[in-house]
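Printed here is work.pdb (PDB, C-alpha atoms, pLDDT in the B column):
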```pdb
ATOM      1  CA  MET S   1     -56.059 -78.416   0.810  1.00 39.00           C
ATOM      2  CA  LYS S   2     -58.597 -78.907  -1.905  1.00 40.00           C
ATOM      3  CA  ASN S   3     -57.610 -82.352  -3.108  1.00 45.00           C
ATOM      4  CA  TRP S   4     -54.872 -84.972  -2.895  1.00 45.00           C
ATOM      5  CA  LYS S   5     -53.204 -83.991  -6.145  1.00 49.00           C
ATOM      6  CA  GLU S   6     -52.768 -80.401  -4.959  1.00 67.00           C
ATOM      7  CA  ALA S   7     -51.241 -81.697  -1.718  1.00 80.00           C
ATOM      8  CA  SER S   8     -49.017 -84.383  -3.206  1.00 96.00           C
ATOM      9  CA  ILE S   9     -45.272 -84.679  -2.808  1.00 98.00           C
ATOM     10  CA  ALA S  10     -42.803 -86.466  -5.068  1.00 98.00           C
ATOM     11  CA  VAL S  11     -39.449 -87.708  -3.829  1.00 98.00           C
ATOM     12  CA  VAL S  12     -36.718 -88.702  -6.269  1.00 98.00           C
ATOM     13  CA  ASP S  13     -33.629 -90.386  -4.841  1.00 98.00           C
ATOM     14  CA  ASP S  14     -31.727 -93.539  -5.741  1.00 97.00           C
ATOM     15  CA  ASP S  15     -31.157 -94.363  -2.057  1.00 96.00           C
ATOM     16  CA  GLN S  16     -33.997 -96.510  -0.714  1.00 97.00           C
ATOM     17  CA  GLY S  17     -33.119 -95.370   2.816  1.00 96.00           C
ATOM     18  CA  ILE S  18     -33.838 -91.762   1.862  1.00 96.00           C
ATOM     19  CA  LEU S  19     -37.153 -92.737   0.256  1.00 97.00           C
ATOM     20  CA  ASP S  20     -38.056 -94.633   3.433  1.00 97.00           C
ATOM     21  CA  SER S  21     -37.095 -91.605   5.522  1.00 97.00           C
ATOM     22  CA  PHE S  22     -39.413 -89.342   3.539  1.00 98.00           C
ATOM     23  CA  ASP S  23     -42.193 -91.891   3.924  1.00 97.00           C
ATOM     24  CA  ALA S  24     -41.657 -91.860   7.695  1.00 97.00           C
ATOM     25  CA  MET S  25     -41.464 -88.050   7.847  1.00 96.00           C
ATOM     26  CA  LEU S  26     -44.345 -87.122   5.541  1.00 97.00           C
ATOM     27  CA  GLY S  27     -46.260 -90.257   4.544  1.00 96.00           C
ATOM     28  CA  ASP S  28     -48.933 -89.929   7.219  1.00 95.00           C
ATOM     29  CA  ASP S  29     -49.783 -86.348   6.266  1.00 94.00           C
ATOM     30  CA  TYR S  30     -49.367 -86.171   2.489  1.00 96.00           C
ATOM     31  CA  PRO S  31     -49.747 -88.480  -0.510  1.00 96.00           C
ATOM     32  CA  LEU S  32     -46.214 -89.388  -1.608  1.00 97.00           C
ATOM     33  CA  PHE S  33     -44.959 -90.531  -4.985  1.00 97.00           C
ATOM     34  CA  MET S  34     -41.475 -92.012  -5.194  1.00 98.00           C
ATOM     35  CA  ALA S  35     -38.975 -92.546  -7.998  1.00 98.00           C
ATOM     36  CA  ASP S  36     -35.362 -93.688  -7.970  1.00 98.00           C
ATOM     37  CA  ASN S  37     -34.122 -92.375 -11.323  1.00 98.00           C
ATOM     38  CA  GLY S  38     -34.597 -89.470 -13.696  1.00 98.00           C
ATOM     39  CA  THR S  39     -36.703 -91.320 -16.245  1.00 98.00           C
ATOM     40  CA  GLU S  40     -39.205 -92.379 -13.570  1.00 98.00           C
ATOM     41  CA  ALA S  41     -39.124 -88.849 -12.147  1.00 98.00           C
ATOM     42  CA  ILE S  42     -40.160 -87.299 -15.447  1.00 98.00           C
ATOM     43  CA  GLU S  43     -42.940 -89.868 -15.902  1.00 97.00           C
ATOM     44  CA  LEU S  44     -44.120 -89.225 -12.347  1.00 96.00           C
ATOM     45  CA  LEU S  45     -44.155 -85.475 -12.957  1.00 97.00           C
ATOM     46  CA  ARG S  46     -46.162 -85.928 -16.157  1.00 95.00           C
ATOM     47  CA  ARG S  47     -48.637 -88.311 -14.528  1.00 94.00           C
ATOM     48  CA  GLN S  48     -49.095 -86.889 -11.032  1.00 93.00           C
ATOM     49  CA  ASN S  49     -48.169 -83.200 -11.273  1.00 91.00           C
ATOM     50  CA  PRO S  50     -47.103 -83.026  -7.592  1.00 96.00           C
ATOM     51  CA  ARG S  51     -47.123 -79.671  -5.852  1.00 96.00           C
ATOM     52  CA  LEU S  52     -43.746 -80.312  -4.171  1.00 98.00           C
ATOM     53  CA  LEU S  53     -40.718 -82.267  -5.358  1.00 98.00           C
ATOM     54  CA  PHE S  54     -37.715 -83.309  -3.279  1.00 98.00           C
ATOM     55  CA  LEU S  55     -35.050 -84.063  -5.914  1.00 98.00           C
ATOM     56  CA  ASP S  56     -31.588 -85.574  -5.473  1.00 97.00           C
ATOM     57  CA  ILE S  57     -28.891 -84.379  -7.883  1.00 94.00           C
ATOM     58  CA  LYS S  58     -27.043 -87.696  -8.179  1.00 94.00           C
ATOM     59  CA  ILE S  59     -29.644 -90.032  -9.636  1.00 97.00           C
ATOM     60  CA  PRO S  60     -29.320 -92.261 -12.698  1.00 96.00           C
ATOM     61  CA  LYS S  61     -30.576 -91.517 -16.220  1.00 93.00           C
ATOM     62  CA  PRO S  62     -31.041 -88.490 -16.426  1.00 97.00           C
ATOM     63  CA  ASN S  63     -29.474 -86.899 -13.352  1.00 96.00           C
ATOM     64  CA  GLY S  64     -31.247 -84.435 -11.077  1.00 95.00           C
ATOM     65  CA  LEU S  65     -29.861 -81.362 -12.820  1.00 94.00           C
ATOM     66  CA  GLU S  66     -31.211 -82.639 -16.137  1.00 96.00           C
ATOM     67  CA  VAL S  67     -34.599 -83.366 -14.540  1.00 97.00           C
ATOM     68  CA  LEU S  68     -34.643 -79.854 -13.074  1.00 96.00           C
ATOM     69  CA  LYS S  69     -33.822 -78.391 -16.501  1.00 96.00           C
ATOM     70  CA  TRP S  70     -36.660 -80.481 -18.044  1.00 97.00           C
ATOM     71  CA  ILE S  71     -39.088 -79.206 -15.381  1.00 97.00           C
ATOM     72  CA  ARG S  72     -38.284 -75.573 -16.167  1.00 95.00           C
ATOM     73  CA  GLU S  73     -38.232 -76.027 -19.956  1.00 96.00           C
ATOM     74  CA  ASN S  74     -41.678 -77.636 -19.824  1.00 96.00           C
ATOM     75  CA  GLY S  75     -43.221 -75.070 -17.481  1.00 95.00           C
ATOM     76  CA  ILE S  76     -44.025 -77.625 -14.784  1.00 94.00           C
ATOM     77  CA  PRO S  77     -45.280 -75.631 -11.759  1.00 94.00           C
ATOM     78  CA  THR S  78     -43.878 -78.056  -9.169  1.00 96.00           C
ATOM     79  CA  ILE S  79     -41.980 -76.461  -6.278  1.00 97.00           C
ATOM     80  CA  VAL S  80     -38.520 -78.051  -6.237  1.00 97.00           C
ATOM     81  CA  VAL S  81     -36.341 -78.720  -3.207  1.00 97.00           C
ATOM     82  CA  ILE S  82     -32.901 -80.127  -3.969  1.00 95.00           C
ATOM     83  CA  VAL S  83     -31.723 -82.826  -1.569  1.00 95.00           C
ATOM     84  CA  THR S  84     -28.087 -83.827  -1.946  1.00 92.00           C
ATOM     85  CA  ALA S  85     -24.987 -85.167  -0.286  1.00 89.00           C
ATOM     86  CA  LEU S  86     -22.903 -83.084  -2.715  1.00 80.00           C
ATOM     87  CA  HIS S  87     -21.644 -80.248  -0.562  1.00 74.00           C
ATOM     88  CA  GLN S  88     -20.280 -78.101  -3.345  1.00 77.00           C
ATOM     89  CA  ASP S  89     -21.207 -74.466  -3.834  1.00 82.00           C
ATOM     90  CA  PHE S  90     -20.993 -75.085  -7.606  1.00 81.00           C
ATOM     91  CA  TYR S  91     -24.158 -77.225  -7.549  1.00 81.00           C
ATOM     92  CA  GLU S  92     -26.003 -74.853  -5.277  1.00 83.00           C
ATOM     93  CA  GLU S  93     -25.311 -71.953  -7.655  1.00 86.00           C
ATOM     94  CA  ILE S  94     -26.476 -73.957 -10.687  1.00 86.00           C
ATOM     95  CA  VAL S  95     -29.758 -75.124  -9.158  1.00 86.00           C
ATOM     96  CA  ARG S  96     -30.562 -71.666  -7.792  1.00 85.00           C
ATOM     97  CA  GLN S  97     -30.465 -70.411 -11.394  1.00 91.00           C
ATOM     98  CA  TYR S  98     -33.427 -72.751 -11.992  1.00 92.00           C
ATOM     99  CA  GLY S  99     -35.420 -71.168  -9.184  1.00 92.00           C
ATOM    100  CA  VAL S 100     -35.392 -73.980  -6.643  1.00 95.00           C
ATOM    101  CA  TYR S 101     -37.279 -73.351  -3.425  1.00 96.00           C
ATOM    102  CA  ARG S 102     -34.620 -74.767  -1.093  1.00 95.00           C
ATOM    103  CA  TYR S 103     -31.316 -76.643  -1.176  1.00 93.00           C
ATOM    104  CA  LEU S 104     -30.982 -79.278   1.550  1.00 94.00           C
ATOM    105  CA  ARG S 105     -27.870 -81.209   2.402  1.00 92.00           C
ATOM    106  CA  LYS S 106     -27.883 -84.782   3.617  1.00 93.00           C
ATOM    107  CA  PRO S 107     -28.195 -85.992   6.279  1.00 93.00           C
ATOM    108  CA  LEU S 108     -31.662 -84.492   6.377  1.00 94.00           C
ATOM    109  CA  ASP S 109     -33.115 -82.594   9.304  1.00 96.00           C
ATOM    110  CA  VAL S 110     -36.607 -83.956   9.983  1.00 96.00           C
ATOM    111  CA  ASP S 111     -37.894 -80.633  11.313  1.00 97.00           C
ATOM    112  CA  GLU S 112     -36.623 -78.785   8.249  1.00 97.00           C
ATOM    113  CA  VAL S 113     -38.293 -81.228   5.827  1.00 98.00           C
ATOM    114  CA  GLU S 114     -41.586 -81.059   7.738  1.00 97.00           C
ATOM    115  CA  GLU S 115     -41.385 -77.249   7.897  1.00 97.00           C
ATOM    116  CA  ILE S 116     -40.904 -77.049   4.116  1.00 98.00           C
ATOM    117  CA  ALA S 117     -43.924 -79.256   3.441  1.00 97.00           C
ATOM    118  CA  HIS S 118     -46.016 -77.317   5.924  1.00 96.00           C
ATOM    119  CA  SER S 119     -45.037 -73.926   4.442  1.00 96.00           C
ATOM    120  CA  VAL S 120     -45.773 -75.084   0.880  1.00 96.00           C
ATOM    121  CA  PHE S 121     -49.237 -76.449   1.693  1.00 94.00           C
ATOM    122  CA  HIS S 122     -50.486 -74.064   4.376  1.00 88.00           C
TER
END
```

Rewritten as structure tokens:
Amino acid sequence: MKNWKEASIAVVDDDQGILDSFDAMLGDDYPLFMADNGTEAIELLRRQNPRLLFLDIKIPKPNGLEVLKWIRENGIPTIVVIVTALHQDFYEEIVRQYGVYRYLRKPLDVDEVEEIAHSVFH
């Protein structure tokens, strides 16, 4: 990895427990940036330009689908992984149209999250 910015990960979820889990899973190996709503997510993406984004669908103002749409409309090169408790094929079909890298369902599998980060950065 050339520098921290290239290796950074953003996590957007309105559940502090999920943010804490990502910190425990990845915080020792990668610089993490956290947000708990769509407005903060967009600001974070503008400011930090993370290489990888773990994005929950059900977040406040704007929701994860709207953030994903903003990312694609603005040509942001961030790799997006959807993380959600919504187990509906409808959402999975929608987000796949936006070219997401993976679609993870909560509860999260630690090995799967670590494998995704490793594959993106190595």

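Applied to the file shown here, the PyMOL selection byres ((chain S and resi 102) around 12) selects S:Leu52, S:Leu53, S:Phe54, S:Leu55, S:Ile79, S:Val80, S:Val81, S:Ile82, S:Val83, S:Thr84, S:Glu92, S:Glu93, S:Val95, S:Arg96, S:Gln97, S:Tyr98, S:Gly99, S:Val100, S:Tyr101, S:Tyr103, S:Leu104, S:Arg105, S:Glu112, S:Val113, S:Glu115, S:Ile116, S:Ala117, S:Ser119, S:Val120.
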
Selection near region 28-33 of chain S, 12 Å with only C-alpha atoms, sequence-local residues under 2 positions removed, as JSON, numbers by chain:
{"S": [1, 3, 4, 5, 6, 7, 8, 9, 10, 11, 12, 13, 19, 20, 21, 22, 23, 24, 25, 26, 35, 36, 40, 41, 42, 43, 44, 45, 47, 48, 49, 50, 51, 52, 53, 54, 55, 114, 117, 118, 120, 121]}

Computed gap from CA of Pro62 (chain S) to CA of Thr39 (chain S) is 6.3 Å

Which residues match the PyMOL selection byres ((chain S and resi 60) around 8) in the file above, as a PyMOL selection string?
chain S and resi 14+36-38+58-59+61-63

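One finds CA of Gly27 (chain S) at 26.4 Å from CA of Trp70 (chain S).
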
Here CA of Gln16 (chain S) and CA of Leu86 (chain S) stand apart by 17.5 Å

With 5 Å on each side, where is the centre of the axis-aligned box around all listed atoms of region 21-30 of chain S, and how long are its edges in Å to one decimal, as JSON?
```
{"center_x": -43.4, "center_y": -89.0, "center_z": 5.2, "size_x": 22.7, "size_y": 15.7, "size_z": 15.4}
```

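Of the listed residues (S:Gly64, S:His122, S:Arg46, S:Asp56), S:Arg46 comes nearest to Pro77 (chain S); the distances count all atoms listed in the file.
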
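For the choices S:Ile71, S:Leu108, S:Ile76, S:Ile57, the atom-to-atom distance to Ile18 (chain S) is smallest for S:Leu108 when using only C-alpha atoms.
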